[in-house]
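J.: Handing over upload-v9.csv, CSV, C-alpha atoms.
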```csv
chain,number,residue,atom,x,y,z
Y,874,MET,CA,-19.5,18.8,-24.6
Y,875,ARG,CA,-22.8,17.5,-23.1
Y,876,GLU,CA,-25.6,16.5,-25.4
Y,877,ILE,CA,-28.6,18.8,-25.0
Y,878,LYS,CA,-31.7,17.1,-26.4
Y,879,PHE,CA,-35.4,17.6,-26.2
Y,880,LYS,CA,-38.3,15.3,-26.8
Y,881,TYR,CA,-41.4,17.0,-28.4
Y,882,TYR,CA,-44.9,15.7,-28.1
Y,883,PHE,CA,-47.5,16.3,-30.8
Y,884,LYS,CA,-51.2,15.4,-30.5
Y,885,GLN,CA,-53.4,14.7,-33.5
Y,886,SER,CA,-56.5,17.0,-33.4
Y,887,ASP,CA,-59.2,14.6,-34.4
Y,888,LYS,CA,-57.9,11.2,-32.9
Y,889,GLY,CA,-55.8,12.3,-30.0
Y,890,ALA,CA,-52.9,10.1,-31.1
Y,891,ILE,CA,-49.5,11.2,-29.8
Y,892,THR,CA,-46.4,11.4,-31.9
Y,893,THR,CA,-42.9,12.2,-30.5
Y,894,LYS,CA,-39.8,13.7,-32.1
Y,895,LYS,CA,-36.4,13.9,-30.4
Y,896,LEU,CA,-34.1,16.8,-31.5
Y,897,THR,CA,-30.6,17.9,-30.4
Y,898,LEU,CA,-29.9,21.6,-29.7
Y,899,ASN,CA,-27.9,21.6,-33.0
Y,900,GLU,CA,-30.9,20.3,-34.9
Y,901,ILE,CA,-33.2,22.9,-33.3
Y,902,GLU,CA,-30.8,25.7,-34.2
Y,903,LYS,CA,-30.9,24.5,-37.8
Y,904,CYS,CA,-34.6,25.0,-37.7
Y,905,GLU,CA,-35.6,21.3,-37.8
Y,906,LEU,CA,-38.2,21.9,-35.1
Y,907,ALA,CA,-39.9,24.5,-37.3
Y,908,ALA,CA,-39.9,22.1,-40.2
Y,909,THR,CA,-41.2,19.3,-38.0
Y,910,CYS,CA,-44.0,21.5,-36.7
Y,911,ILE,CA,-45.0,22.6,-40.2
Y,912,GLU,CA,-45.0,19.0,-41.5
Y,913,LEU,CA,-47.0,17.6,-38.6
Y,914,GLY,CA,-49.3,20.6,-38.7
Y,915,LYS,CA,-50.3,19.5,-42.2
Y,916,ARG,CA,-51.5,16.3,-40.6
Y,917,ASN,CA,-53.6,18.1,-37.9
Y,918,LYS,CA,-51.0,17.6,-35.2
Y,919,THR,CA,-50.0,20.3,-32.8
Y,920,LEU,CA,-47.1,20.6,-30.4
Y,921,PHE,CA,-48.4,20.3,-26.8
Y,922,ALA,CA,-45.3,19.5,-24.6
Y,923,LYS,CA,-41.5,19.2,-24.6
Y,924,ALA,CA,-39.1,17.4,-22.3
Y,925,GLN,CA,-35.4,17.9,-21.8
Y,926,TYR,CA,-33.0,14.9,-21.9
Y,927,THR,CA,-31.3,14.3,-18.5
Y,928,GLU,CA,-28.2,12.7,-20.1
Y,929,LEU,CA,-28.9,9.6,-18.2
Y,930,LYS,CA,-30.2,6.2,-19.3
Y,931,ASP,CA,-32.1,3.5,-17.5
Y,932,LYS,CA,-31.1,-0.2,-17.0
Y,933,ASN,CA,-32.2,-1.0,-20.5
Y,934,GLY,CA,-30.3,1.9,-22.1
Y,935,VAL,CA,-33.5,4.0,-22.6
Y,936,GLU,CA,-32.8,7.8,-22.5
Y,937,ILE,CA,-34.4,9.4,-19.5
Y,938,TYR,CA,-36.3,12.7,-20.1
Y,939,GLU,CA,-38.1,15.2,-17.9
Y,940,GLY,CA,-41.7,13.9,-17.4
Y,941,ASP,CA,-40.7,10.3,-17.6
Y,942,ILE,CA,-42.1,8.0,-14.9
Y,943,ILE,CA,-39.5,5.6,-13.6
Y,944,LYS,CA,-39.5,2.7,-11.2
Y,945,GLU,CA,-36.5,2.4,-8.9
Y,946,TYR,CA,-34.8,-0.6,-7.4
Y,947,PHE,CA,-37.1,-0.8,-4.4
Y,948,GLY,CA,-40.2,-0.6,-6.5
Y,949,ALA,CA,-41.1,3.0,-5.8
Y,950,GLU,CA,-42.3,5.0,-8.8
Y,951,GLY,CA,-41.7,8.6,-9.4
Y,952,LYS,CA,-41.8,11.4,-12.0
Y,953,VAL,CA,-38.7,13.0,-13.4
Y,954,GLU,CA,-38.7,16.8,-12.9
Y,955,PHE,CA,-36.3,19.7,-13.2
Y,956,ILE,CA,-36.3,21.6,-9.9
Y,957,TYR,CA,-33.8,23.0,-7.5
Y,958,GLY,CA,-31.4,23.4,-10.5
Y,959,CYS,CA,-31.2,19.7,-11.2
Y,960,PHE,CA,-33.2,16.7,-12.4
Y,961,VAL,CA,-35.0,15.0,-9.5
Y,962,VAL,CA,-37.3,12.0,-9.1
Y,963,ASP,CA,-40.5,13.1,-7.2
Y,964,LEU,CA,-41.4,9.9,-5.3
Y,965,LEU,CA,-44.7,9.5,-3.6
Y,966,ASP,CA,-44.6,10.4,0.2
Y,967,GLU,CA,-40.9,11.3,0.0
Y,968,LYS,CA,-39.1,14.5,-0.8
Y,969,PRO,CA,-37.6,14.6,-4.3
Y,970,ARG,CA,-34.3,12.9,-4.8
Y,971,GLU,CA,-31.6,13.9,-7.3
Y,972,LEU,CA,-31.9,11.7,-10.3
Y,973,SER,CA,-28.1,11.4,-11.0
Y,974,SER,CA,-27.4,10.2,-7.5
Y,975,LEU,CA,-30.2,7.6,-7.8
Y,976,ILE,CA,-28.7,6.3,-11.1
Y,977,MET,CA,-25.1,6.3,-9.9
Y,978,ALA,CA,-25.9,4.5,-6.7
Y,979,ASP,CA,-25.1,0.8,-6.4
Y,980,PHE,CA,-28.7,0.0,-7.4
Y,981,GLY,CA,-28.8,2.6,-10.2
Y,982,ASN,CA,-28.6,0.0,-13.0
Y,983,LYS,CA,-32.0,-1.2,-11.8
Y,984,VAL,CA,-33.9,2.1,-12.5
Y,985,GLU,CA,-36.4,1.7,-15.4
Y,986,VAL,CA,-38.4,4.1,-17.5
Y,987,ILE,CA,-42.0,2.7,-17.4
Y,988,GLY,CA,-43.7,5.6,-19.2
Y,989,ASN,CA,-44.2,9.3,-19.2
Y,990,ILE,CA,-46.8,11.8,-18.0
Y,991,TYR,CA,-47.9,12.6,-21.6
Y,992,GLU,CA,-48.5,9.2,-23.1
Y,993,ASN,CA,-49.2,7.3,-19.9
Y,994,PRO,CA,-51.2,9.6,-17.5
Y,995,GLU,CA,-52.8,6.5,-16.0
Y,996,LEU,CA,-49.4,5.8,-14.3
Y,997,LEU,CA,-49.9,8.9,-12.1
Y,998,LYS,CA,-51.7,7.2,-9.2
Y,999,ASP,CA,-51.6,10.2,-6.9
Y,1000,GLU,CA,-52.7,13.8,-7.6
Y,1001,LYS,CA,-49.4,15.0,-6.0
Y,1002,ARG,CA,-47.6,14.0,-9.2
```
Any chance you could give the structure as structure tokens?
T.:
Amino acid sequence: MREIKFKYYFKQSDKGAITTKKLTLNEIEKCELAATCIELGKRNKTLFAKAQYTELKDKNGVEIYEGDIIKEYFGAEGKVEFIYGCFVVDLLDEKPRELSSLIMADFGNKVEVIGNIYENPELLKDEKR
């Protein structure tokens, strides 16, 4: 059975600091998300985004999530999105490419997560992304 996982992003009200929490679907069903929200809410943190796990990893073994910004073998950077019924990489000036085919290609072990749209918005160099 595939592992369904989400990464949740919480922002601290007064300082803007971001905290993340990864939960599997089983943990969510056991109400761990509610407990996390309550606990972080006591520290003035509110949930502002969530991202689904793609079930793929980059060249360093880092899990790839929706909203991650990756750099591919040829140096192009793109944002991971879920559209057309699959995870794709939205590369600048190109049409989106399916993420799994990019990872599984001969150069797939060279794909690297360099940040995400929530914690590293400065990596979004183009308004298209």
J.: Can you tell me how far CA of Phe921 (chain Y) sits from CA of Lys895 (chain Y), in Å to one decimal?
T.: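 Interatomic distance, CA of Phe921 (chain Y) to CA of Lys895 (chain Y): 14.1 Å.
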J.: Can you pull out the residues contacting Ile877 (chain Y)? Cut-off 8 Å, using only C-alpha atoms, and skip same-chain residues under 6 positions away; I want them as a PyMOL selection string.
T.: chain Y and resi 897-898+925-926+928
J.: Keeping only C-alpha atoms, write the selected residues to a file as an mmCIF file, keeping the file's coordinate frame.
T.:
```
data_model
loop_
_atom_site.group_PDB
_atom_site.id
_atom_site.type_symbol
_atom_site.label_atom_id
_atom_site.label_comp_id
_atom_site.auth_asym_id
_atom_site.auth_seq_id
_atom_site.Cartn_x
_atom_site.Cartn_y
_atom_site.Cartn_z
ATOM 1 C CA THR Y 897 -30.600 17.900 -30.400
ATOM 2 C CA LEU Y 898 -29.900 21.600 -29.700
ATOM 3 C CA GLN Y 925 -35.400 17.900 -21.800
ATOM 4 C CA TYR Y 926 -33.000 14.900 -21.900
ATOM 5 C CA GLU Y 928 -28.200 12.700 -20.100
#
```
J.: Kindly give the distance, in Å, that separates CA of Gly958 (chain Y) and CA of Ala907 (chain Y), rounded to a single decimal.
T.: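 Distance between the two atoms: 28.1 Å.
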J.: Using all atoms listed in the file, which residue out of Y:Lys983, Y:Lys923, Y:Lys915, Y:Lys903 lies closest to Gln885 (chain Y)?
T.: Y:Lys915
J.: Please identify all polymer residues within 10 Å of Ala890 (chain Y), counting only C-alpha atoms, omitting same-chain residues fewer than 5 positions from it, and present them as a compact mmCIF listing (two decimals) with C-alpha atoms, keeping the file's coordinate frame.
T.:
```
# COMPACT_ATOMS: atom_id res chain seq x y z
CA PHE Y 883 -47.50 16.30 -30.80
CA LYS Y 884 -51.20 15.40 -30.50
CA GLN Y 885 -53.40 14.70 -33.50
CA LYS Y 918 -51.00 17.60 -35.20
CA GLU Y 992 -48.50 9.20 -23.10
```
J.: State, in Å with one decimal place, the distance from CA of Lys878 (chain Y) to CA of Asp941 (chain Y).
T.: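 Distance between the two atoms: 14.3 Å.
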J.: Need to verify the contact set: Asn933 (chain Y), 10 Å, only C-alpha atoms, exclusion of same-chain residues closer than 6 positions in sequence. Can you return it as number ranges by chain?
T.: Y: 982-986
J.: List every protein, DNA or RNA residue that has an atom no more than 12 Å from (-41.2, 7.7, -33.9) in the file's coordinate frame, counting only C-alpha atoms, and report them as a list in words.
T.: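 It turns out the residues near that spot are Lys880, Tyr881, Tyr882, Phe883, Ile891, Thr892, Thr893, Lys894, Lys895 and Leu896 of chain Y.
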J.: Around (-32.6, 21.6, -13.6) in the file's frame, which residues reach within 12 Å when counting only C-alpha atoms? Return as a list in words?
T.: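 With a cut-off of 12 Å, the residues come to Ala924, Gln925, Tyr926, Thr927, Glu928, Tyr938, Glu939, Val953, Glu954, Phe955, Ile956, Tyr957, Gly958, Cys959, Phe960, Val961, Val962, Glu971, Leu972 and Ser973 of chain Y.
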